[in-house]
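Visitor: Got a file for you: coords-v3.pdb, PDB, C-alpha atoms, pLDDT in the B column.
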```
ATOM      1  CA  MET A 128     -82.474  -2.044   9.872  1.00 77.00           C
ATOM      2  CA  ASN A 129     -84.973  -4.920  10.154  1.00 83.00           C
ATOM      3  CA  PHE A 130     -83.390  -6.450   7.051  1.00 86.00           C
ATOM      4  CA  LEU A 131     -80.367  -7.420   9.166  1.00 86.00           C
ATOM      5  CA  TYR A 132     -82.407 -10.024  11.040  1.00 85.00           C
ATOM      6  CA  ASN A 133     -84.796 -10.932   8.221  1.00 87.00           C
ATOM      7  CA  LYS A 134     -84.112 -14.482   7.060  1.00 87.00           C
ATOM      8  CA  ASP A 135     -85.504 -13.652   3.599  1.00 87.00           C
ATOM      9  CA  SER A 136     -83.197 -10.669   3.064  1.00 92.00           C
ATOM     10  CA  HIS A 137     -80.142 -11.400   0.943  1.00 92.00           C
ATOM     11  CA  PHE A 138     -78.450  -8.670   2.966  1.00 93.00           C
ATOM     12  CA  ASN A 139     -79.128 -10.048   6.440  1.00 94.00           C
ATOM     13  CA  LEU A 140     -76.368  -9.881   9.051  1.00 95.00           C
ATOM     14  CA  ALA A 141     -74.963 -13.356   8.312  1.00 95.00           C
ATOM     15  CA  ASN A 142     -74.821 -12.685   4.568  1.00 95.00           C
ATOM     16  CA  LEU A 143     -73.185  -9.291   5.159  1.00 96.00           C
ATOM     17  CA  PHE A 144     -70.368 -11.118   6.952  1.00 97.00           C
ATOM     18  CA  THR A 145     -70.107 -13.452   3.954  1.00 97.00           C
ATOM     19  CA  PHE A 146     -70.026 -10.467   1.566  1.00 98.00           C
ATOM     20  CA  ALA A 147     -67.245  -9.011   3.737  1.00 98.00           C
ATOM     21  CA  ASN A 148     -65.331 -12.299   3.317  1.00 97.00           C
ATOM     22  CA  ILE A 149     -65.749 -11.988  -0.471  1.00 98.00           C
ATOM     23  CA  THR A 150     -64.590  -8.370  -0.357  1.00 98.00           C
ATOM     24  CA  ALA A 151     -61.501  -9.313   1.664  1.00 98.00           C
ATOM     25  CA  GLY A 152     -60.724 -12.080  -0.859  1.00 97.00           C
ATOM     26  CA  LEU A 153     -61.013  -9.644  -3.770  1.00 98.00           C
ATOM     27  CA  PHE A 154     -58.692  -7.182  -2.030  1.00 98.00           C
ATOM     28  CA  ALA A 155     -56.227 -10.044  -1.441  1.00 98.00           C
ATOM     29  CA  ILE A 156     -56.260 -10.892  -5.161  1.00 98.00           C
ATOM     30  CA  PHE A 157     -55.718  -7.256  -6.099  1.00 98.00           C
ATOM     31  CA  LEU A 158     -52.778  -7.008  -3.702  1.00 98.00           C
ATOM     32  CA  LEU A 159     -51.264 -10.281  -4.951  1.00 97.00           C
ATOM     33  CA  THR A 160     -51.245  -8.984  -8.506  1.00 96.00           C
ATOM     34  CA  HIS A 161     -49.236  -6.010  -7.237  1.00 96.00           C
ATOM     35  CA  GLY A 162     -46.689  -8.121  -5.343  1.00 95.00           C
ATOM     36  CA  MET A 163     -47.944  -6.987  -1.928  1.00 96.00           C
ATOM     37  CA  PHE A 164     -47.817 -10.388  -0.224  1.00 95.00           C
ATOM     38  CA  LEU A 165     -48.009  -9.348   3.433  1.00 94.00           C
ATOM     39  CA  GLU A 166     -51.009  -7.131   2.761  1.00 97.00           C
ATOM     40  CA  ALA A 167     -52.657  -9.873   0.672  1.00 97.00           C
ATOM     41  CA  ALA A 168     -52.124 -12.408   3.455  1.00 95.00           C
ATOM     42  CA  THR A 169     -53.629  -9.955   5.945  1.00 96.00           C
ATOM     43  CA  PHE A 170     -56.787  -9.597   3.856  1.00 97.00           C
ATOM     44  CA  ALA A 171     -56.966 -13.376   3.374  1.00 96.00           C
ATOM     45  CA  TRP A 172     -56.896 -13.880   7.151  1.00 95.00           C
ATOM     46  CA  ILE A 173     -59.492 -11.114   7.611  1.00 97.00           C
ATOM     47  CA  GLY A 174     -61.705 -13.004   5.150  1.00 96.00           C
ATOM     48  CA  GLY A 175     -61.183 -16.120   7.246  1.00 95.00           C
ATOM     49  CA  MET A 176     -62.336 -14.287  10.357  1.00 95.00           C
ATOM     50  CA  PHE A 177     -65.529 -13.209   8.591  1.00 97.00           C
ATOM     51  CA  ASP A 178     -66.054 -16.833   7.513  1.00 95.00           C
ATOM     52  CA  ILE A 179     -65.860 -18.024  11.118  1.00 92.00           C
ATOM     53  CA  PHE A 180     -68.631 -15.663  12.167  1.00 94.00           C
ATOM     54  CA  ASP A 181     -71.099 -15.802   9.266  1.00 93.00           C
ATOM     55  CA  GLY A 182     -72.314 -19.316  10.063  1.00 88.00           C
ATOM     56  CA  LYS A 183     -72.379 -18.688  13.793  1.00 91.00           C
ATOM     57  CA  ILE A 184     -74.492 -15.570  13.250  1.00 95.00           C
ATOM     58  CA  ALA A 185     -76.799 -17.396  10.828  1.00 92.00           C
ATOM     59  CA  ARG A 186     -77.455 -20.162  13.365  1.00 89.00           C
ATOM     60  CA  LYS A 187     -77.758 -17.861  16.381  1.00 93.00           C
ATOM     61  CA  TYR A 188     -80.317 -15.570  14.717  1.00 93.00           C
ATOM     62  CA  SER A 189     -82.039 -18.252  12.586  1.00 92.00           C
ATOM     63  CA  LEU A 190     -80.855 -16.636   9.353  1.00 93.00           C
ATOM     64  CA  SER A 191     -79.727 -19.840   7.611  1.00 91.00           C
ATOM     65  CA  THR A 192     -81.081 -20.162   4.074  1.00 92.00           C
ATOM     66  CA  GLU A 193     -80.179 -21.991   0.892  1.00 91.00           C
ATOM     67  CA  PHE A 194     -79.028 -18.630  -0.514  1.00 93.00           C
ATOM     68  CA  GLY A 195     -76.687 -18.191   2.453  1.00 93.00           C
ATOM     69  CA  VAL A 196     -75.276 -21.712   2.049  1.00 91.00           C
ATOM     70  CA  GLN A 197     -74.531 -21.073  -1.640  1.00 94.00           C
ATOM     71  CA  LEU A 198     -73.123 -17.601  -0.937  1.00 96.00           C
ATOM     72  CA  ASP A 199     -70.854 -19.015   1.777  1.00 95.00           C
ATOM     73  CA  SER A 200     -69.490 -21.649  -0.600  1.00 95.00           C
ATOM     74  CA  PHE A 201     -68.803 -19.009  -3.231  1.00 97.00           C
ATOM     75  CA  ALA A 202     -66.932 -16.970  -0.600  1.00 97.00           C
ATOM     76  CA  ASP A 203     -65.036 -20.094   0.508  1.00 96.00           C
ATOM     77  CA  PHE A 204     -64.078 -20.836  -3.105  1.00 98.00           C
ATOM     78  CA  LEU A 205     -62.697 -17.346  -3.532  1.00 97.00           C
ATOM     79  CA  SER A 206     -60.988 -16.958  -0.153  1.00 96.00           C
ATOM     80  CA  PHE A 207     -59.847 -20.526   0.548  1.00 97.00           C
ATOM     81  CA  VAL A 208     -59.188 -21.914  -2.929  1.00 98.00           C
ATOM     82  CA  ILE A 209     -58.446 -19.146  -5.435  1.00 98.00           C
ATOM     83  CA  VAL A 210     -56.582 -16.733  -3.126  1.00 98.00           C
ATOM     84  CA  PRO A 211     -54.180 -19.349  -1.651  1.00 97.00           C
ATOM     85  CA  VAL A 212     -53.419 -20.832  -5.082  1.00 97.00           C
ATOM     86  CA  MET A 213     -52.755 -17.366  -6.499  1.00 97.00           C
ATOM     87  CA  PHE A 214     -50.644 -16.559  -3.443  1.00 97.00           C
ATOM     88  CA  ILE A 215     -48.494 -19.665  -3.953  1.00 97.00           C
ATOM     89  CA  TYR A 216     -48.217 -18.975  -7.674  1.00 96.00           C
ATOM     90  CA  PHE A 217     -47.224 -15.304  -7.383  1.00 96.00           C
ATOM     91  CA  ALA A 218     -44.915 -15.866  -4.397  1.00 95.00           C
ATOM     92  CA  ILE A 219     -43.137 -19.017  -5.540  1.00 95.00           C
ATOM     93  CA  PHE A 220     -43.774 -19.840  -9.195  1.00 95.00           C
ATOM     94  CA  ASN A 221     -44.002 -16.432 -10.901  1.00 91.00           C
ATOM     95  CA  LYS A 222     -40.711 -16.779 -12.756  1.00 91.00           C
ATOM     96  CA  GLU A 223     -39.293 -18.442 -15.843  1.00 92.00           C
ATOM     97  CA  PHE A 224     -39.471 -22.228 -15.987  1.00 93.00           C
ATOM     98  CA  THR A 225     -39.029 -24.724 -18.790  1.00 94.00           C
ATOM     99  CA  PRO A 226     -42.221 -25.307 -20.800  1.00 96.00           C
ATOM    100  CA  LEU A 227     -42.633 -28.753 -19.215  1.00 96.00           C
ATOM    101  CA  THR A 228     -42.281 -27.391 -15.674  1.00 95.00           C
ATOM    102  CA  SER A 229     -44.678 -24.533 -16.501  1.00 96.00           C
ATOM    103  CA  LEU A 230     -47.208 -27.109 -17.697  1.00 97.00           C
ATOM    104  CA  LEU A 231     -46.731 -29.117 -14.495  1.00 97.00           C
ATOM    105  CA  ILE A 232     -47.302 -25.972 -12.402  1.00 97.00           C
ATOM    106  CA  ALA A 233     -50.483 -25.188 -14.338  1.00 97.00           C
ATOM    107  CA  ILE A 234     -51.790 -28.752 -13.990  1.00 98.00           C
ATOM    108  CA  CYS A 235     -51.103 -28.767 -10.249  1.00 97.00           C
ATOM    109  CA  MET A 236     -52.789 -25.398  -9.669  1.00 98.00           C
ATOM    110  CA  ILE A 237     -55.802 -26.363 -11.796  1.00 98.00           C
ATOM    111  CA  TYR A 238     -56.056 -29.699  -9.957  1.00 98.00           C
ATOM    112  CA  TYR A 239     -56.182 -27.884  -6.614  1.00 98.00           C
ATOM    113  CA  VAL A 240     -58.841 -25.434  -7.850  1.00 98.00           C
ATOM    114  CA  ILE A 241     -61.001 -28.238  -9.281  1.00 98.00           C
ATOM    115  CA  SER A 242     -60.572 -30.239  -6.063  1.00 98.00           C
ATOM    116  CA  GLY A 243     -61.651 -27.222  -4.027  1.00 98.00           C
ATOM    117  CA  ILE A 244     -64.760 -26.471  -6.078  1.00 97.00           C
ATOM    118  CA  ARG A 245     -65.705 -30.148  -6.139  1.00 97.00           C
ATOM    119  CA  ARG A 246     -65.390 -30.326  -2.381  1.00 95.00           C
ATOM    120  CA  LEU A 247     -67.593 -27.261  -1.893  1.00 95.00           C
ATOM    121  CA  ILE A 248     -70.261 -28.520  -4.302  1.00 94.00           C
ATOM    122  CA  GLU A 249     -70.277 -31.939  -2.641  1.00 91.00           C
ATOM    123  CA  PHE A 250     -70.619 -30.268   0.763  1.00 87.00           C
ATOM    124  CA  ASN A 251     -73.563 -28.146  -0.460  1.00 88.00           C
ATOM    125  CA  LEU A 252     -75.347 -31.161  -1.905  1.00 88.00           C
ATOM    126  CA  LYS A 253     -75.089 -33.023   1.399  1.00 84.00           C
ATOM    127  CA  THR A 254     -75.927 -30.214   3.817  1.00 77.00           C
ATOM    128  CA  ASP A 255     -79.137 -28.605   4.981  1.00 73.00           C
ATOM    129  CA  ALA A 256     -79.294 -24.869   5.688  1.00 64.00           C
ATOM    130  CA  GLY A 257     -78.588 -24.327   9.383  1.00 61.00           C
ATOM    131  CA  SER A 258     -77.347 -27.842  10.131  1.00 68.00           C
ATOM    132  CA  VAL A 259     -73.867 -28.650  11.407  1.00 69.00           C
ATOM    133  CA  GLU A 260     -72.361 -32.122  11.105  1.00 75.00           C
ATOM    134  CA  LYS A 261     -70.043 -33.542  13.775  1.00 83.00           C
ATOM    135  CA  HIS A 262     -67.321 -34.280  11.207  1.00 84.00           C
ATOM    136  CA  PHE A 263     -66.167 -33.018   7.858  1.00 86.00           C
ATOM    137  CA  ILE A 264     -65.448 -35.760   5.326  1.00 89.00           C
ATOM    138  CA  GLY A 265     -62.240 -34.674   3.616  1.00 93.00           C
ATOM    139  CA  ILE A 266     -60.379 -31.624   4.815  1.00 94.00           C
ATOM    140  CA  PRO A 267     -62.475 -28.450   4.583  1.00 94.00           C
ATOM    141  CA  THR A 268     -61.274 -25.700   2.240  1.00 96.00           C
ATOM    142  CA  PRO A 269     -60.261 -23.348   5.094  1.00 95.00           C
ATOM    143  CA  LEU A 270     -57.920 -26.060   6.404  1.00 95.00           C
ATOM    144  CA  GLY A 271     -56.617 -26.609   2.865  1.00 97.00           C
ATOM    145  CA  ALA A 272     -55.880 -22.878   2.679  1.00 97.00           C
ATOM    146  CA  ILE A 273     -54.071 -22.964   6.023  1.00 96.00           C
ATOM    147  CA  LEU A 274     -51.953 -25.886   4.809  1.00 97.00           C
ATOM    148  CA  LEU A 275     -51.046 -23.905   1.680  1.00 97.00           C
ATOM    149  CA  TRP A 276     -50.067 -20.917   3.864  1.00 96.00           C
ATOM    150  CA  VAL A 277     -47.862 -23.250   5.951  1.00 97.00           C
ATOM    151  CA  LEU A 278     -46.334 -24.538   2.716  1.00 96.00           C
ATOM    152  CA  TYR A 279     -45.581 -20.958   1.668  1.00 96.00           C
ATOM    153  CA  LEU A 280     -44.004 -20.219   5.069  1.00 95.00           C
ATOM    154  CA  CYS A 281     -41.826 -23.330   4.752  1.00 97.00           C
ATOM    155  CA  TRP A 282     -40.652 -22.038   1.365  1.00 96.00           C
ATOM    156  CA  TYR A 283     -40.190 -18.476   2.658  1.00 95.00           C
ATOM    157  CA  PHE A 284     -38.058 -19.608   5.606  1.00 96.00           C
ATOM    158  CA  LYS A 285     -36.129 -21.977   3.313  1.00 96.00           C
ATOM    159  CA  LEU A 286     -37.334 -25.140   5.015  1.00 97.00           C
ATOM    160  CA  LEU A 287     -38.533 -26.230   1.557  1.00 96.00           C
ATOM    161  CA  SER A 288     -36.884 -24.979  -1.585  1.00 93.00           C
ATOM    162  CA  ASN A 289     -37.549 -27.634  -4.215  1.00 95.00           C
ATOM    163  CA  GLU A 290     -40.447 -26.500  -6.417  1.00 94.00           C
ATOM    164  CA  TYR A 291     -41.313 -30.098  -7.368  1.00 96.00           C
ATOM    165  CA  ILE A 292     -41.773 -31.075  -3.714  1.00 97.00           C
ATOM    166  CA  ILE A 293     -43.953 -27.994  -3.224  1.00 97.00           C
ATOM    167  CA  LEU A 294     -46.053 -28.969  -6.262  1.00 97.00           C
ATOM    168  CA  SER A 295     -46.455 -32.520  -4.981  1.00 98.00           C
ATOM    169  CA  LEU A 296     -47.588 -31.188  -1.594  1.00 98.00           C
ATOM    170  CA  ILE A 297     -50.120 -28.868  -3.267  1.00 98.00           C
ATOM    171  CA  ALA A 298     -51.484 -31.858  -5.190  1.00 98.00           C
ATOM    172  CA  THR A 299     -51.602 -33.904  -1.966  1.00 98.00           C
ATOM    173  CA  ILE A 300     -53.570 -31.174  -0.180  1.00 98.00           C
ATOM    174  CA  GLY A 301     -55.908 -31.011  -3.193  1.00 98.00           C
ATOM    175  CA  TYR A 302     -56.425 -34.762  -2.930  1.00 98.00           C
ATOM    176  CA  LEU A 303     -57.163 -34.527   0.809  1.00 97.00           C
ATOM    177  CA  LEU A 304     -59.966 -32.018   0.136  1.00 97.00           C
ATOM    178  CA  ASN A 305     -62.006 -34.884  -1.339  1.00 95.00           C
ATOM    179  CA  SER A 306     -60.609 -37.775   0.677  1.00 95.00           C
ATOM    180  CA  LYS A 307     -62.582 -39.900   3.145  1.00 93.00           C
ATOM    181  CA  ILE A 308     -60.594 -38.578   6.103  1.00 93.00           C
ATOM    182  CA  LYS A 309     -62.812 -37.402   8.990  1.00 92.00           C
ATOM    183  CA  ILE A 310     -62.059 -34.010  10.516  1.00 88.00           C
ATOM    184  CA  PRO A 311     -63.996 -32.984  13.663  1.00 88.00           C
ATOM    185  CA  HIS A 312     -66.145 -29.900  13.164  1.00 80.00           C
ATOM    186  CA  PRO A 313     -65.106 -27.173  15.627  1.00 73.00           C
TER     187      PRO A 313
END
```
Do you think you could lay out the structure here as structure tokens?

Guide:
Amino acid sequence: MNFLYNKDSHFNLANLFTFANITAGLFAIFLLTHGMFLEAATFAWIGGMFDIFDGKIARKYSLSTEFGVQLDSFADFLSFVIVPVMFIYFAIFNKEFTPLTSLLIAICMIYYVISGIRRLIEFNLKTDAGSVEKHFIGIPTPLGAILLWVLYLCWYFKLLSNEYIILSLIATIGYLLNSKIKIPHP
């Protein structure tokens, strides 16, 4: 069991938490494709809990590595970019639209995904393994995911029903991922 606290092990304790985040994200995708939205949301939130702890564990036990930073960003891309976009698509937009509206939906979803991956790459290029900045520049992908969940809840509870407003809000959140806004690091 020494591998759990071995910085050079790809399967150290911090990375195992990150792999658990990835696993939860994959389960969420599977459940989304079967229309099981509550279960998918549960796994997405479980993935988020694993994401909270992987970095804390890495710093506490000096397990931070470049591999772990890259692995964490891959997990974040899956759990906080792909899963929320798929959730919004399957829950709100998985029906017949005009070809123009379908194209607009696709463009908006692709824009959000590209914004998310760009944000994660930019973060990786500017960070050192084990370091924590005082502020995020642009909203972090977990916050973007939370905002998309709030958007879904607004649609679900009929506080928002216009698909074009929802699309514009998705695009706005995508923009904020790479904005210059400063968000305090918790």

Visitor: Mind running region 205-252 of chain A against region 187-198 of chain A at 10 Å and telling me each contacting residue's nearest atom pair with the distance in Å (one decimal), counting all atoms listed in the file, chain and number ascending, as CSV?

Guide:
```
residue,atom,partner,partner_atom,distance
A:Leu247,CA,A:Gln197,CA,9.3
A:Ile248,CA,A:Gln197,CA,9.0
A:Phe250,CA,A:Val196,CA,9.8
A:Asn251,CA,A:Val196,CA,7.1
```

Visitor: Find the distance between CA of Pro313 (chain A) and CA of Met176 (chain A) and write it in Å to one decimal.

Guide: 14.2 Å

Visitor: Mind dumping a table of every region 170-278 of chain A residue within 12 Å of region 298-306 of chain A, with the nearest atom pair and its distance in Å to one decimal, using only C-alpha atoms, sorted by chain and rising number, as JSON lines?

Guide:
```
{"residue": "A:Phe207", "atom": "CA", "partner": "A:Leu304", "partner_atom": "CA", "distance": 11.5}
{"residue": "A:Val208", "atom": "CA", "partner": "A:Gly301", "partner_atom": "CA", "distance": 9.7}
{"residue": "A:Pro211", "atom": "CA", "partner": "A:Gly301", "partner_atom": "CA", "distance": 11.9}
{"residue": "A:Val212", "atom": "CA", "partner": "A:Gly301", "partner_atom": "CA", "distance": 10.6}
{"residue": "A:Leu231", "atom": "CA", "partner": "A:Ala298", "partner_atom": "CA", "distance": 10.8}
{"residue": "A:Ile232", "atom": "CA", "partner": "A:Ala298", "partner_atom": "CA", "distance": 10.2}
{"residue": "A:Ala233", "atom": "CA", "partner": "A:Ala298", "partner_atom": "CA", "distance": 11.4}
{"residue": "A:Ile234", "atom": "CA", "partner": "A:Ala298", "partner_atom": "CA", "distance": 9.3}
{"residue": "A:Cys235", "atom": "CA", "partner": "A:Ala298", "partner_atom": "CA", "distance": 5.9}
{"residue": "A:Met236", "atom": "CA", "partner": "A:Ala298", "partner_atom": "CA", "distance": 8.0}
{"residue": "A:Ile237", "atom": "CA", "partner": "A:Ala298", "partner_atom": "CA", "distance": 9.6}
{"residue": "A:Tyr238", "atom": "CA", "partner": "A:Gly301", "partner_atom": "CA", "distance": 6.9}
{"residue": "A:Tyr239", "atom": "CA", "partner": "A:Gly301", "partner_atom": "CA", "distance": 4.6}
{"residue": "A:Val240", "atom": "CA", "partner": "A:Gly301", "partner_atom": "CA", "distance": 7.8}
{"residue": "A:Ile241", "atom": "CA", "partner": "A:Gly301", "partner_atom": "CA", "distance": 8.4}
{"residue": "A:Ser242", "atom": "CA", "partner": "A:Gly301", "partner_atom": "CA", "distance": 5.5}
{"residue": "A:Gly243", "atom": "CA", "partner": "A:Leu304", "partner_atom": "CA", "distance": 6.6}
{"residue": "A:Ile244", "atom": "CA", "partner": "A:Leu304", "partner_atom": "CA", "distance": 9.6}
{"residue": "A:Arg245", "atom": "CA", "partner": "A:Asn305", "partner_atom": "CA", "distance": 7.7}
{"residue": "A:Arg246", "atom": "CA", "partner": "A:Asn305", "partner_atom": "CA", "distance": 5.8}
{"residue": "A:Leu247", "atom": "CA", "partner": "A:Leu304", "partner_atom": "CA", "distance": 9.2}
{"residue": "A:Ile248", "atom": "CA", "partner": "A:Asn305", "partner_atom": "CA", "distance": 10.8}
{"residue": "A:Glu249", "atom": "CA", "partner": "A:Asn305", "partner_atom": "CA", "distance": 8.9}
{"residue": "A:Phe250", "atom": "CA", "partner": "A:Asn305", "partner_atom": "CA", "distance": 10.0}
{"residue": "A:Phe263", "atom": "CA", "partner": "A:Leu304", "partner_atom": "CA", "distance": 10.0}
{"residue": "A:Ile264", "atom": "CA", "partner": "A:Ser306", "partner_atom": "CA", "distance": 7.0}
{"residue": "A:Gly265", "atom": "CA", "partner": "A:Ser306", "partner_atom": "CA", "distance": 4.6}
{"residue": "A:Ile266", "atom": "CA", "partner": "A:Leu304", "partner_atom": "CA", "distance": 4.7}
{"residue": "A:Pro267", "atom": "CA", "partner": "A:Leu304", "partner_atom": "CA", "distance": 6.2}
{"residue": "A:Thr268", "atom": "CA", "partner": "A:Leu304", "partner_atom": "CA", "distance": 6.8}
{"residue": "A:Pro269", "atom": "CA", "partner": "A:Leu304", "partner_atom": "CA", "distance": 10.0}
{"residue": "A:Leu270", "atom": "CA", "partner": "A:Leu304", "partner_atom": "CA", "distance": 8.9}
{"residue": "A:Gly271", "atom": "CA", "partner": "A:Ile300", "partner_atom": "CA", "distance": 6.3}
{"residue": "A:Ala272", "atom": "CA", "partner": "A:Ile300", "partner_atom": "CA", "distance": 9.1}
{"residue": "A:Ile273", "atom": "CA", "partner": "A:Ile300", "partner_atom": "CA", "distance": 10.3}
{"residue": "A:Leu274", "atom": "CA", "partner": "A:Ile300", "partner_atom": "CA", "distance": 7.4}
{"residue": "A:Leu275", "atom": "CA", "partner": "A:Ile300", "partner_atom": "CA", "distance": 7.9}
{"residue": "A:Trp276", "atom": "CA", "partner": "A:Ile300", "partner_atom": "CA", "distance": 11.6}
{"residue": "A:Val277", "atom": "CA", "partner": "A:Ile300", "partner_atom": "CA", "distance": 11.5}
{"residue": "A:Leu278", "atom": "CA", "partner": "A:Ile300", "partner_atom": "CA", "distance": 10.2}
```

Visitor: Between CA of Ala202 (chain A) and CA of Ile149 (chain A), what is the distance in Å, rounded to a tenth?

Guide: 5.1 Å

Visitor: Kindly provide, as lines of an AutoDock Vina configuration file, the centre and edge lengths (Å, one decimal) of an axis-aligned box around all atoms of region 202-213 of chain A given in the file, with 6 Å on each side.

Guide:
```
center_x = -59.8
center_y = -19.3
center_z = -3.0
size_x = 26.2
size_y = 17.2
size_z = 19.0
```

Visitor: Just how far from CA of Leu165 (chain A) is CA of Tyr279 (chain A), in Å to one decimal?

Guide: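 Going from CA of Tyr279 (chain A) over to CA of Leu165 (chain A), I get 12.0 Å.
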
Visitor: Which is closest to Ile209 (chain A) among A:Ala185, A:Ala171, A:Ile308, A:Ala147, if we use only C-alpha atoms?

Guide: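 The shortest atom-to-atom distance to Ile209 (chain A) comes from A:Ala171.
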
Visitor: Please provide the set of residues having any atom within 8 Å of Leu140 (chain A), restricted to only C-alpha atoms, with same-chain residues fewer than 5 positions apart removed, written as a list of chain:residue names.

Guide: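 Here the qualifying residues turn out to be A:Leu131, A:Tyr132, A:Asp181, A:Ile184, A:Ala185.
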
Visitor: I'd like to know which of A:Phe214, A:Leu143, A:Arg186, A:Asn289 is closest to Thr169 (chain A), using all atoms listed in the file.

Guide: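 Closest candidate: A:Phe214.
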
Visitor: Pick from A:Ile179, A:Phe130, A:His137, A:Leu205: nearest to Gly152 (chain A), with all atoms listed in the file counted?

Guide: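 With all atoms listed in the file as the atom set, the closest residue is A:Leu205.
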
Visitor: Smallest atom-to-atom distance to Lys222 (chain A): which of A:Gly182, A:Phe177, A:Glu290, A:Phe164, using all atoms listed in the file?

Guide: A:Glu290

Visitor: Which one of A:Met213, A:Ile310, A:Phe224, A:Ile219 sits closest to Thr160 (chain A) if you count all atoms listed in the file?

Guide: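 The answer is A:Met213, which sits nearest to Thr160 (chain A).
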
Visitor: Evaluating the PyMOL selection byres ((chain A and resi 162) around 12) on the displayed file yields which residues, as a list of chain:residue names?

Guide: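 For this structure, the PyMOL selection byres ((chain A and resi 162) around 12) captures A:Ala155, A:Ile156, A:Phe157, A:Leu158, A:Leu159, A:Thr160, A:His161, A:Met163, A:Phe164, A:Leu165, A:Glu166, A:Ala167, A:Ala168, A:Met213, A:Phe214, A:Ile215, A:Tyr216, A:Phe217, A:Ala218, A:Ile219, A:Asn221.
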
Visitor: Could you turn the residues from that selection into a file that holds C-alpha atoms, as a PDB file, in the coordinates of the input?

Guide:
```
ATOM      1  CA  ALA A 155     -56.227 -10.044  -1.441  1.00 98.00           C
ATOM      2  CA  ILE A 156     -56.260 -10.892  -5.161  1.00 98.00           C
ATOM      3  CA  PHE A 157     -55.718  -7.256  -6.099  1.00 98.00           C
ATOM      4  CA  LEU A 158     -52.778  -7.008  -3.702  1.00 98.00           C
ATOM      5  CA  LEU A 159     -51.264 -10.281  -4.951  1.00 97.00           C
ATOM      6  CA  THR A 160     -51.245  -8.984  -8.506  1.00 96.00           C
ATOM      7  CA  HIS A 161     -49.236  -6.010  -7.237  1.00 96.00           C
ATOM      8  CA  MET A 163     -47.944  -6.987  -1.928  1.00 96.00           C
ATOM      9  CA  PHE A 164     -47.817 -10.388  -0.224  1.00 95.00           C
ATOM     10  CA  LEU A 165     -48.009  -9.348   3.433  1.00 94.00           C
ATOM     11  CA  GLU A 166     -51.009  -7.131   2.761  1.00 97.00           C
ATOM     12  CA  ALA A 167     -52.657  -9.873   0.672  1.00 97.00           C
ATOM     13  CA  ALA A 168     -52.124 -12.408   3.455  1.00 95.00           C
ATOM     14  CA  MET A 213     -52.755 -17.366  -6.499  1.00 97.00           C
ATOM     15  CA  PHE A 214     -50.644 -16.559  -3.443  1.00 97.00           C
ATOM     16  CA  ILE A 215     -48.494 -19.665  -3.953  1.00 97.00           C
ATOM     17  CA  TYR A 216     -48.217 -18.975  -7.674  1.00 96.00           C
ATOM     18  CA  PHE A 217     -47.224 -15.304  -7.383  1.00 96.00           C
ATOM     19  CA  ALA A 218     -44.915 -15.866  -4.397  1.00 95.00           C
ATOM     20  CA  ILE A 219     -43.137 -19.017  -5.540  1.00 95.00           C
ATOM     21  CA  ASN A 221     -44.002 -16.432 -10.901  1.00 91.00           C
TER      22      ASN A 221
END
```

Visitor: Kindly indicate which residue among A:Trp172, A:Lys183, A:Lys134, A:Glu223 lies nearest to Phe154 (chain A), using all atoms listed in the file for the distances.

Guide: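 Checking each of A:Trp172, A:Lys183, A:Lys134, A:Glu223 against Phe154 (chain A), counting all atoms listed in the file, the winner is A:Trp172.
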